[in-house]
Amino acid sequence: MEIFKYKNGRYTLYWTAVYIIVIVLLAALLMQLYEGGYVSAWFGSFIAALVALMLMSVPRSIVVTEQTLQIRCLLDITEIRLSEISSIRAVSRKEMGWKFPIFGSFGFFGYFGHFIDFKRFRMVEIYATEWGNFVEIKTIYEDTYYVSCHERDRLISLLQERSKK
């Protein structure tokens, strides 16, 4: 079993700080405008639920076993059987420019969730804590996953080696 840990990128930390500052400022503004009414309570509850969901979905590690690739988040594991992988390749930052989050995070604790690829008009899943060092994993079911990994060359060679078995 090989484990590849995620590391937060500099821009991820900046974007997270910006989002938190905006949320705090909006909450303060709502408290001033509505003096603790139901709108403020609704906003506070919604933001607390959203932040909790994002924190639970942050990718933590990529684990490659003899038969599977697992993308482990705090409360979720995405598992791909190595026998179902059709292609693996490194992807440049430029190629990732056409991805837009549909249900996921773009910079708030990372980049993860379901994204639409406007260049090819398809849905993809991204699991990254930095916007770089991407590996594209396609399955025989035409699912596409993008993961970020500091040791992407080692991850690619390991997946190619084990998926051939």
# chains A, B, ... in the order shown; residues from 1 in each chain; ligands from 1

call {"tool": "closest_atom_pairs", "arguments": {"of": "range 103-135 of chain A", "to": "range 80-90 of chain A", "cutoff": "8 Å", "atoms": "only C-alpha atoms", "output": "CSV"}}
result
residue,atom,partner,partner_atom,distance
A:Asn133,CA,A:Ala90,CA,7.5
A:Phe134,CA,A:Ala90,CA,5.9
A:Val135,CA,A:Ala90,CA,4.6

call {"tool": "write_last_selection", "arguments": {"atoms": "N, CA, C and O atoms", "output": "compact mmCIF listing (two decimals), in the first residue's frame"}}
result
# COMPACT_ATOMS: atom_id res chain seq x y z
N ASN A 133 -0.04 20.34 -10.30
CA ASN A 133 0.40 18.94 -10.16
C ASN A 133 -0.74 17.96 -10.37
O ASN A 133 -0.90 17.00 -9.63
N PHE A 134 -1.55 18.18 -11.39
CA PHE A 134 -2.74 17.36 -11.61
C PHE A 134 -2.42 16.06 -12.35
O PHE A 134 -1.56 16.02 -13.22
N VAL A 135 -3.17 15.03 -11.97
CA VAL A 135 -3.15 13.74 -12.65
C VAL A 135 -4.58 13.46 -13.09
O VAL A 135 -5.51 13.54 -12.29

call {"tool": "residues_around", "arguments": {"residues": "Leu158 in chain A", "least_positions_apart": "5", "cutoff": "9 Å", "atoms": "only C-alpha atoms", "output": "PyMOL selection string"}}
result
chain A and resi 2+64+153+163

call {"tool": "write_last_selection", "arguments": {"atoms": "C-alpha atoms", "output": "PDB file, in the first residue's frame"}}
result
ATOM      1  CA  GLU A   2       1.362   3.412  -1.050  1.00  0.00           C
ATOM      2  CA  VAL A  64      -2.919   2.917  -3.852  1.00  0.00           C
ATOM      3  CA  ASP A 153       5.290  11.164 -11.564  1.00  0.00           C
ATOM      4  CA  SER A 163      -3.296  -1.325 -13.517  1.00  0.00           C
TER       5      SER A 163
END

call {"tool": "closest_residue", "arguments": {"among": "A:Thr16, A:Thr144, A:Gln67, A:Ser45", "to": "Arg120 in chain A", "atoms": "only C-alpha atoms"}}
result
A:Thr144

call {"tool": "closest_atom_pairs", "arguments": {"of": "range 17-109 of chain A", "to": "range 7-12 of chain A", "cutoff": "7 Å", "atoms": "only C-alpha atoms", "output": "tab-separated table"}}
result
residue	atom	partner	partner_atom	distance
A:Gly107	CA	A:Thr12	CA	5.2
A:Phe108	CA	A:Thr12	CA	6.8
A:Phe109	CA	A:Thr12	CA	6.3

call {"tool": "write_last_selection", "arguments": {"atoms": "N, CA, C and O atoms", "output": "PDB file, in the first residue's frame"}}
result
ATOM      1  N   GLY A 107     -11.405  26.709  -4.071  1.00  0.00           N
ATOM      2  CA  GLY A 107     -10.495  27.495  -3.265  1.00  0.00           C
ATOM      3  C   GLY A 107     -10.796  27.499  -1.785  1.00  0.00           C
ATOM      4  O   GLY A 107      -9.934  27.799  -0.980  1.00  0.00           O
ATOM      5  N   PHE A 108     -12.010  27.178  -1.396  1.00  0.00           N
ATOM      6  CA  PHE A 108     -12.390  27.181   0.014  1.00  0.00           C
ATOM      7  C   PHE A 108     -11.978  25.848   0.615  1.00  0.00           C
ATOM      8  O   PHE A 108     -12.655  24.847   0.451  1.00  0.00           O
ATOM      9  N   PHE A 109     -10.828  25.793   1.262  1.00  0.00           N
ATOM     10  CA  PHE A 109     -10.190  24.584   1.803  1.00  0.00           C
ATOM     11  C   PHE A 109      -9.699  23.643   0.712  1.00  0.00           C
ATOM     12  O   PHE A 109      -9.334  22.516   0.980  1.00  0.00           O
TER      13      PHE A 109
END

call {"tool": "residues_around", "arguments": {"residues": "Lys119 in chain A", "least_positions_apart": "6", "cutoff": "12 Å", "atoms": "only C-alpha atoms", "output": "list in words"}}
result
Lys94, Glu95, Met96, Gly97, Trp98, Lys99 and Phe100 of chain A

call {"tool": "write_last_selection", "arguments": {"atoms": "N, CA, C and O atoms", "output": "JSON list (two decimals), in the first residue's frame"}}
result
[["chain", "number", "residue", "atom", "x", "y", "z"],
["A", 94, "LYS", "N", -2.77, 24.84, -17.39],
["A", 94, "LYS", "CA", -3.48, 25.48, -18.50],
["A", 94, "LYS", "C", -4.69, 24.65, -18.93],
["A", 94, "LYS", "O", -5.75, 25.19, -19.24],
["A", 95, "GLU", "N", -4.54, 23.34, -18.95],
["A", 95, "GLU", "CA", -5.65, 22.45, -19.34],
["A", 95, "GLU", "C", -6.79, 22.47, -18.33],
["A", 95, "GLU", "O", -7.93, 22.16, -18.66],
["A", 96, "MET", "N", -6.49, 22.85, -17.10],
["A", 96, "MET", "CA", -7.51, 22.86, -16.04],
["A", 96, "MET", "C", -8.31, 24.16, -16.03],
["A", 96, "MET", "O", -9.22, 24.32, -15.22],
["A", 97, "GLY", "N", -8.02, 25.06, -16.93],
["A", 97, "GLY", "CA", -8.65, 26.36, -16.93],
["A", 97, "GLY", "C", -10.12, 26.39, -17.28],
["A", 97, "GLY", "O", -10.81, 27.35, -17.00],
["A", 98, "TRP", "N", -10.64, 25.36, -17.88],
["A", 98, "TRP", "CA", -12.03, 25.33, -18.33],
["A", 98, "TRP", "C", -12.97, 24.62, -17.37],
["A", 98, "TRP", "O", -14.10, 24.31, -17.71],
["A", 99, "LYS", "N", -12.52, 24.37, -16.15],
["A", 99, "LYS", "CA", -13.33, 23.64, -15.17],
["A", 99, "LYS", "C", -14.07, 24.63, -14.27],
["A", 99, "LYS", "O", -13.49, 25.59, -13.78],
["A", 100, "PHE", "N", -15.36, 24.38, -14.05],
["A", 100, "PHE", "CA", -16.19, 25.25, -13.21],
["A", 100, "PHE", "C", -16.96, 24.40, -12.20],
["A", 100, "PHE", "O", -17.57, 23.40, -12.59]]

call {"tool": "residues_around", "arguments": {"residues": "Ile47 in chain A", "least_positions_apart": "3", "cutoff": "12 Å", "atoms": "only C-alpha atoms", "output": "list in words"}}
result
Tyr19, Ile20, Val22, Ile23, Val24, Leu26, Ala27, Ser40, Ala41, Trp42, Phe43, Gly44, Leu50, Val51, Ala52, Leu53 and Met54 of chain A

call {"tool": "write_last_selection", "arguments": {"atoms": "N, CA, C and O atoms", "output": "mmCIF file, in the first residue's frame"}}
result
data_model
loop_
_atom_site.group_PDB
_atom_site.id
_atom_site.type_symbol
_atom_site.label_atom_id
_atom_site.label_comp_id
_atom_site.auth_asym_id
_atom_site.auth_seq_id
_atom_site.Cartn_x
_atom_site.Cartn_y
_atom_site.Cartn_z
ATOM 1 N N TYR A 19 -12.463 33.917 1.699
ATOM 2 C CA TYR A 19 -13.848 33.458 1.898
ATOM 3 C C TYR A 19 -14.288 33.660 3.349
ATOM 4 O O TYR A 19 -15.407 34.104 3.603
ATOM 5 N N ILE A 20 -13.434 33.347 4.290
ATOM 6 C CA ILE A 20 -13.793 33.491 5.708
ATOM 7 C C ILE A 20 -14.003 34.972 6.060
ATOM 8 O O ILE A 20 -14.962 35.319 6.761
ATOM 9 N N VAL A 22 -14.965 37.375 3.999
ATOM 10 C CA VAL A 22 -16.227 37.788 3.372
ATOM 11 C C VAL A 22 -17.421 37.274 4.173
ATOM 12 O O VAL A 22 -18.390 38.010 4.398
ATOM 13 N N ILE A 23 -17.368 36.043 4.629
ATOM 14 C CA ILE A 23 -18.468 35.478 5.420
ATOM 15 C C ILE A 23 -18.647 36.252 6.728
ATOM 16 O O ILE A 23 -19.771 36.590 7.102
ATOM 17 N N VAL A 24 -17.551 36.556 7.394
ATOM 18 C CA VAL A 24 -17.632 37.305 8.656
ATOM 19 C C VAL A 24 -18.190 38.703 8.416
ATOM 20 O O VAL A 24 -19.043 39.185 9.175
ATOM 21 N N LEU A 26 -20.180 39.663 5.924
ATOM 22 C CA LEU A 26 -21.605 39.532 5.616
ATOM 23 C C LEU A 26 -22.424 39.260 6.872
ATOM 24 O O LEU A 26 -23.514 39.812 7.034
ATOM 25 N N ALA A 27 -21.914 38.413 7.744
ATOM 26 C CA ALA A 27 -22.620 38.124 8.994
ATOM 27 C C ALA A 27 -22.733 39.383 9.848
ATOM 28 O O ALA A 27 -23.804 39.662 10.411
ATOM 29 N N SER A 40 -30.746 36.726 9.911
ATOM 30 C CA SER A 40 -29.401 36.516 10.450
ATOM 31 C C SER A 40 -29.222 35.079 10.931
ATOM 32 O O SER A 40 -28.177 34.460 10.712
ATOM 33 N N ALA A 41 -30.242 34.555 11.584
ATOM 34 C CA ALA A 41 -30.174 33.172 12.069
ATOM 35 C C ALA A 41 -30.123 32.194 10.896
ATOM 36 O O ALA A 41 -29.360 31.226 10.918
ATOM 37 N N TRP A 42 -30.917 32.449 9.863
ATOM 38 C CA TRP A 42 -30.910 31.584 8.681
ATOM 39 C C TRP A 42 -29.546 31.624 8.007
ATOM 40 O O TRP A 42 -28.993 30.594 7.648
ATOM 41 N N PHE A 43 -28.991 32.825 7.837
ATOM 42 C CA PHE A 43 -27.684 32.970 7.213
ATOM 43 C C PHE A 43 -26.612 32.249 8.024
ATOM 44 O O PHE A 43 -25.783 31.515 7.468
ATOM 45 N N GLY A 44 -26.632 32.439 9.341
ATOM 46 C CA GLY A 44 -25.651 31.777 10.202
ATOM 47 C C GLY A 44 -25.737 30.270 10.130
ATOM 48 O O GLY A 44 -24.719 29.576 10.044
ATOM 49 N N LEU A 50 -22.651 24.858 5.492
ATOM 50 C CA LEU A 50 -21.789 24.865 4.308
ATOM 51 C C LEU A 50 -20.327 24.645 4.686
ATOM 52 O O LEU A 50 -19.632 23.840 4.069
ATOM 53 N N VAL A 51 -19.857 25.342 5.701
ATOM 54 C CA VAL A 51 -18.465 25.176 6.151
ATOM 55 C C VAL A 51 -18.226 23.761 6.665
ATOM 56 O O VAL A 51 -17.206 23.138 6.363
ATOM 57 N N ALA A 52 -19.175 23.202 7.408
ATOM 58 C CA ALA A 52 -19.042 21.830 7.912
ATOM 59 C C ALA A 52 -18.974 20.834 6.749
ATOM 60 O O ALA A 52 -18.148 19.912 6.752
ATOM 61 N N LEU A 53 -19.818 21.028 5.735
ATOM 62 C CA LEU A 53 -19.802 20.146 4.566
ATOM 63 C C LEU A 53 -18.466 20.241 3.835
ATOM 64 O O LEU A 53 -17.899 19.225 3.438
ATOM 65 N N MET A 54 -17.966 21.450 3.666
ATOM 66 C CA MET A 54 -16.681 21.628 2.991
ATOM 67 C C MET A 54 -15.544 20.979 3.779
ATOM 68 O O MET A 54 -14.686 20.314 3.216
#

call {"tool": "atom_distance", "arguments": {"atom1": "CA of Ala128 in chain A", "atom2": "CA of Ser157 in chain A"}}
result
19.3 Å

call {"tool": "residues_around", "arguments": {"residues": "Gln70 in chain A", "least_positions_apart": "2", "cutoff": "9 Å", "atoms": "only C-alpha atoms", "output": "JSON, numbers by chain"}}
result
{"A": [61, 62, 63, 64, 65, 68, 72, 77, 78, 79, 80, 81]}

call {"tool": "residues_around", "arguments": {"residues": "Phe103 in chain A", "least_positions_apart": "4", "cutoff": "10 Å", "atoms": "only C-alpha atoms", "output": "mmCIF file with N, CA, C and O atoms, in the first residue's frame"}}
result
data_model
loop_
_atom_site.group_PDB
_atom_site.id
_atom_site.type_symbol
_atom_site.label_atom_id
_atom_site.label_comp_id
_atom_site.auth_asym_id
_atom_site.auth_seq_id
_atom_site.Cartn_x
_atom_site.Cartn_y
_atom_site.Cartn_z
ATOM 1 N N PHE A 112 -12.440 20.734 -4.838
ATOM 2 C CA PHE A 112 -12.951 19.366 -4.858
ATOM 3 C C PHE A 112 -14.443 19.366 -5.129
ATOM 4 O O PHE A 112 -15.123 20.360 -4.907
ATOM 5 N N GLY A 113 -14.894 18.246 -5.655
ATOM 6 C CA GLY A 113 -16.314 18.084 -5.944
ATOM 7 C C GLY A 113 -16.552 17.822 -7.420
ATOM 8 O O GLY A 113 -15.644 17.435 -8.161
ATOM 9 N N HIS A 114 -17.788 18.055 -7.831
ATOM 10 C CA HIS A 114 -18.192 17.848 -9.221
ATOM 11 C C HIS A 114 -18.054 19.163 -9.985
ATOM 12 O O HIS A 114 -18.613 20.179 -9.583
ATOM 13 N N PHE A 115 -17.316 19.108 -11.074
ATOM 14 C CA PHE A 115 -17.062 20.273 -11.908
ATOM 15 C C PHE A 115 -17.538 19.976 -13.320
ATOM 16 O O PHE A 115 -17.605 18.812 -13.727
ATOM 17 N N ILE A 116 -17.862 21.019 -14.068
ATOM 18 C CA ILE A 116 -18.175 20.838 -15.484
ATOM 19 C C ILE A 116 -16.964 21.326 -16.280
ATOM 20 O O ILE A 116 -16.380 22.361 -15.973
ATOM 21 N N GLU A 125 -14.736 14.924 -11.758
ATOM 22 C CA GLU A 125 -14.561 15.060 -10.318
ATOM 23 C C GLU A 125 -13.129 15.494 -10.052
ATOM 24 O O GLU A 125 -12.194 14.937 -10.629
#

call {"tool": "select_by_dssp", "arguments": {"residues": "chain A", "states": "helix (DSSP H, G or I)", "output": "CSV table (one decimal) with N, CA and C atoms, in the first residue's frame"}}
result
chain,number,residue,atom,x,y,z
A,10,ARG,N,-0.4,27.4,-1.5
A,10,ARG,CA,-0.4,28.8,-1.0
A,10,ARG,C,-1.7,29.5,-1.4
A,11,TYR,N,-2.1,29.4,-2.6
A,11,TYR,CA,-3.3,30.0,-3.1
A,11,TYR,C,-4.6,29.5,-2.4
A,12,THR,N,-4.6,28.2,-2.1
A,12,THR,CA,-5.7,27.6,-1.3
A,12,THR,C,-5.9,28.3,0.0
A,13,LEU,N,-4.8,28.5,0.7
A,13,LEU,CA,-4.8,29.2,2.0
A,13,LEU,C,-5.3,30.6,1.9
A,14,TYR,N,-4.8,31.3,0.8
A,14,TYR,CA,-5.3,32.7,0.6
A,14,TYR,C,-6.8,32.7,0.3
A,15,TRP,N,-7.2,31.9,-0.6
A,15,TRP,CA,-8.7,31.9,-1.0
A,15,TRP,C,-9.5,31.5,0.2
A,16,THR,N,-9.1,30.6,1.1
A,16,THR,CA,-9.8,30.2,2.3
A,16,THR,C,-9.9,31.4,3.2
A,17,ALA,N,-8.8,32.2,3.4
A,17,ALA,CA,-8.9,33.3,4.2
A,17,ALA,C,-9.8,34.4,3.6
A,18,VAL,N,-9.8,34.6,2.3
A,18,VAL,CA,-10.7,35.6,1.7
A,18,VAL,C,-12.1,35.2,1.9
A,19,TYR,N,-12.5,33.9,1.7
A,19,TYR,CA,-13.8,33.5,1.9
A,19,TYR,C,-14.3,33.7,3.3
A,20,ILE,N,-13.4,33.3,4.3
A,20,ILE,CA,-13.8,33.5,5.7
A,20,ILE,C,-14.0,35.0,6.1
A,21,ILE,N,-13.2,35.8,5.5
A,21,ILE,CA,-13.3,37.3,5.8
A,21,ILE,C,-14.6,37.8,5.2
A,22,VAL,N,-15.0,37.4,4.0
A,22,VAL,CA,-16.2,37.8,3.4
A,22,VAL,C,-17.4,37.3,4.2
A,23,ILE,N,-17.4,36.0,4.6
A,23,ILE,CA,-18.5,35.5,5.4
A,23,ILE,C,-18.6,36.3,6.7
A,24,VAL,N,-17.6,36.6,7.4
A,24,VAL,CA,-17.6,37.3,8.7
A,24,VAL,C,-18.2,38.7,8.4
A,25,LEU,N,-17.7,39.4,7.3
A,25,LEU,CA,-18.3,40.7,7.0
A,25,LEU,C,-19.8,40.7,6.7
A,26,LEU,N,-20.2,39.7,5.9
A,26,LEU,CA,-21.6,39.5,5.6
A,26,LEU,C,-22.4,39.3,6.9
A,27,ALA,N,-21.9,38.4,7.7
A,27,ALA,CA,-22.6,38.1,9.0
A,27,ALA,C,-22.7,39.4,9.8
A,28,ALA,N,-21.7,40.2,9.9
A,28,ALA,CA,-21.7,41.4,10.7
A,28,ALA,C,-22.7,42.4,10.1
A,29,LEU,N,-22.7,42.5,8.8
A,29,LEU,CA,-23.6,43.4,8.1
A,29,LEU,C,-25.1,43.0,8.4
A,30,LEU,N,-25.4,41.7,8.3
A,30,LEU,CA,-26.7,41.2,8.5
A,30,LEU,C,-27.1,41.4,10.0
A,31,MET,N,-26.2,41.3,10.9
A,31,MET,CA,-26.5,41.5,12.3
A,31,MET,C,-26.9,43.0,12.5
A,32,GLN,N,-26.2,43.9,11.8
A,32,GLN,CA,-26.5,45.3,11.9
A,32,GLN,C,-27.8,45.7,11.3
A,33,LEU,N,-28.1,45.1,10.1
A,33,LEU,CA,-29.3,45.4,9.4
A,33,LEU,C,-30.5,44.8,10.0
A,34,TYR,N,-30.5,43.6,10.5
A,34,TYR,CA,-31.6,42.9,11.0
A,34,TYR,C,-31.6,42.7,12.5
A,38,TYR,N,-34.6,36.6,12.1
A,38,TYR,CA,-34.6,35.3,11.5
A,38,TYR,C,-33.7,35.2,10.3
A,39,VAL,N,-33.5,36.3,9.5
A,39,VAL,CA,-32.6,36.4,8.4
A,39,VAL,C,-31.2,36.1,8.8
A,40,SER,N,-30.7,36.7,9.9
A,40,SER,CA,-29.4,36.5,10.4
A,40,SER,C,-29.2,35.1,10.9
A,41,ALA,N,-30.2,34.6,11.6
A,41,ALA,CA,-30.2,33.2,12.1
A,41,ALA,C,-30.1,32.2,10.9
A,42,TRP,N,-30.9,32.4,9.9
A,42,TRP,CA,-30.9,31.6,8.7
A,42,TRP,C,-29.5,31.6,8.0
A,43,PHE,N,-29.0,32.8,7.8
A,43,PHE,CA,-27.7,33.0,7.2
A,43,PHE,C,-26.6,32.2,8.0
A,44,GLY,N,-26.6,32.4,9.3
A,44,GLY,CA,-25.7,31.8,10.2
A,44,GLY,C,-25.7,30.3,10.1
A,45,SER,N,-27.0,29.7,10.1
A,45,SER,CA,-27.1,28.3,10.0
A,45,SER,C,-26.7,27.7,8.7
A,46,PHE,N,-27.0,28.5,7.6
A,46,PHE,CA,-26.6,28.0,6.3
A,46,PHE,C,-25.1,28.0,6.1
A,47,ILE,N,-24.5,29.1,6.6
A,47,ILE,CA,-23.0,29.2,6.5
A,47,ILE,C,-22.3,28.1,7.3
A,48,ALA,N,-22.8,27.9,8.5
A,48,ALA,CA,-22.3,26.8,9.4
A,48,ALA,C,-22.4,25.5,8.7
A,49,ALA,N,-23.5,25.2,8.1
A,49,ALA,CA,-23.7,23.9,7.5
A,49,ALA,C,-22.8,23.8,6.2
A,50,LEU,N,-22.7,24.9,5.5
A,50,LEU,CA,-21.8,24.9,4.3
A,50,LEU,C,-20.3,24.6,4.7
A,51,VAL,N,-19.9,25.3,5.7
A,51,VAL,CA,-18.5,25.2,6.2
A,51,VAL,C,-18.2,23.8,6.7
A,52,ALA,N,-19.2,23.2,7.4
A,52,ALA,CA,-19.0,21.8,7.9
A,52,ALA,C,-19.0,20.8,6.7
A,53,LEU,N,-19.8,21.0,5.7
A,53,LEU,CA,-19.8,20.1,4.6
A,53,LEU,C,-18.5,20.2,3.8
A,54,MET,N,-18.0,21.4,3.7
A,54,MET,CA,-16.7,21.6,3.0
A,54,MET,C,-15.5,21.0,3.8
A,55,LEU,N,-15.5,21.2,5.1
A,55,LEU,CA,-14.5,20.6,5.9
A,55,LEU,C,-14.5,19.0,5.9
A,56,MET,N,-15.7,18.5,5.8
A,56,MET,CA,-15.8,17.0,5.7
A,56,MET,C,-15.4,16.5,4.4
A,57,SER,N,-15.4,17.3,3.3
A,57,SER,CA,-15.1,16.8,2.0
A,57,SER,C,-13.6,17.1,1.6
A,82,LEU,N,-8.3,-0.6,-9.9
A,82,LEU,CA,-7.2,-0.4,-10.8
A,82,LEU,C,-7.5,-1.1,-12.2
A,83,SER,N,-8.3,-2.1,-12.1
A,83,SER,CA,-8.6,-2.8,-13.4
A,83,SER,C,-9.6,-2.0,-14.3
A,84,GLU,N,-10.2,-1.0,-13.7
A,84,GLU,CA,-11.2,-0.2,-14.4
A,84,GLU,C,-10.6,1.1,-15.0
A,94,LYS,N,-2.8,24.8,-17.4
A,94,LYS,CA,-3.5,25.5,-18.5
A,94,LYS,C,-4.7,24.6,-18.9
A,95,GLU,N,-4.5,23.3,-19.0
A,95,GLU,CA,-5.6,22.4,-19.3
A,95,GLU,C,-6.8,22.5,-18.3
A,96,MET,N,-6.5,22.8,-17.1
A,96,MET,CA,-7.5,22.9,-16.0
A,96,MET,C,-8.3,24.2,-16.0
A,97,GLY,N,-8.0,25.1,-16.9
A,97,GLY,CA,-8.6,26.4,-16.9
A,97,GLY,C,-10.1,26.4,-17.3
A,98,TRP,N,-10.6,25.4,-17.9
A,98,TRP,CA,-12.0,25.3,-18.3
A,98,TRP,C,-13.0,24.6,-17.4
A,152,ARG,N,3.5,13.4,-8.4
A,152,ARG,CA,2.6,12.9,-9.5
A,152,ARG,C,3.3,11.9,-10.4
A,153,ASP,N,4.6,12.1,-10.7
A,153,ASP,CA,5.3,11.2,-11.6
A,153,ASP,C,5.3,9.8,-10.9
A,154,ARG,N,5.6,9.7,-9.6
A,154,ARG,CA,5.6,8.4,-8.9
A,154,ARG,C,4.2,7.8,-8.9
A,155,LEU,N,3.2,8.7,-8.7
A,155,LEU,CA,1.8,8.2,-8.6
A,155,LEU,C,1.4,7.6,-10.0
A,156,ILE,N,1.8,8.3,-11.1
A,156,ILE,CA,1.4,7.9,-12.4
A,156,ILE,C,2.1,6.6,-12.7
A,157,SER,N,3.4,6.5,-12.5
A,157,SER,CA,4.1,5.2,-12.8
A,157,SER,C,3.6,4.0,-11.9
A,158,LEU,N,3.3,4.3,-10.7
A,158,LEU,CA,2.7,3.3,-9.8
A,158,LEU,C,1.4,2.8,-10.3
A,159,LEU,N,0.5,3.7,-10.7
A,159,LEU,CA,-0.8,3.4,-11.2
A,159,LEU,C,-0.7,2.6,-12.6
A,160,GLN,N,0.2,3.0,-13.4
A,160,GLN,CA,0.4,2.4,-14.7
A,160,GLN,C,0.9,0.9,-14.5
A,161,GLU,N,1.8,0.8,-13.6
A,161,GLU,CA,2.4,-0.5,-13.3
A,161,GLU,C,1.3,-1.5,-12.7
A,162,ARG,N,0.5,-1.0,-11.7
A,162,ARG,CA,-0.4,-1.8,-11.0
A,162,ARG,C,-1.7,-2.1,-11.9
A,163,SER,N,-2.1,-1.1,-12.7
A,163,SER,CA,-3.3,-1.3,-13.5
A,163,SER,C,-3.1,-2.3,-14.7
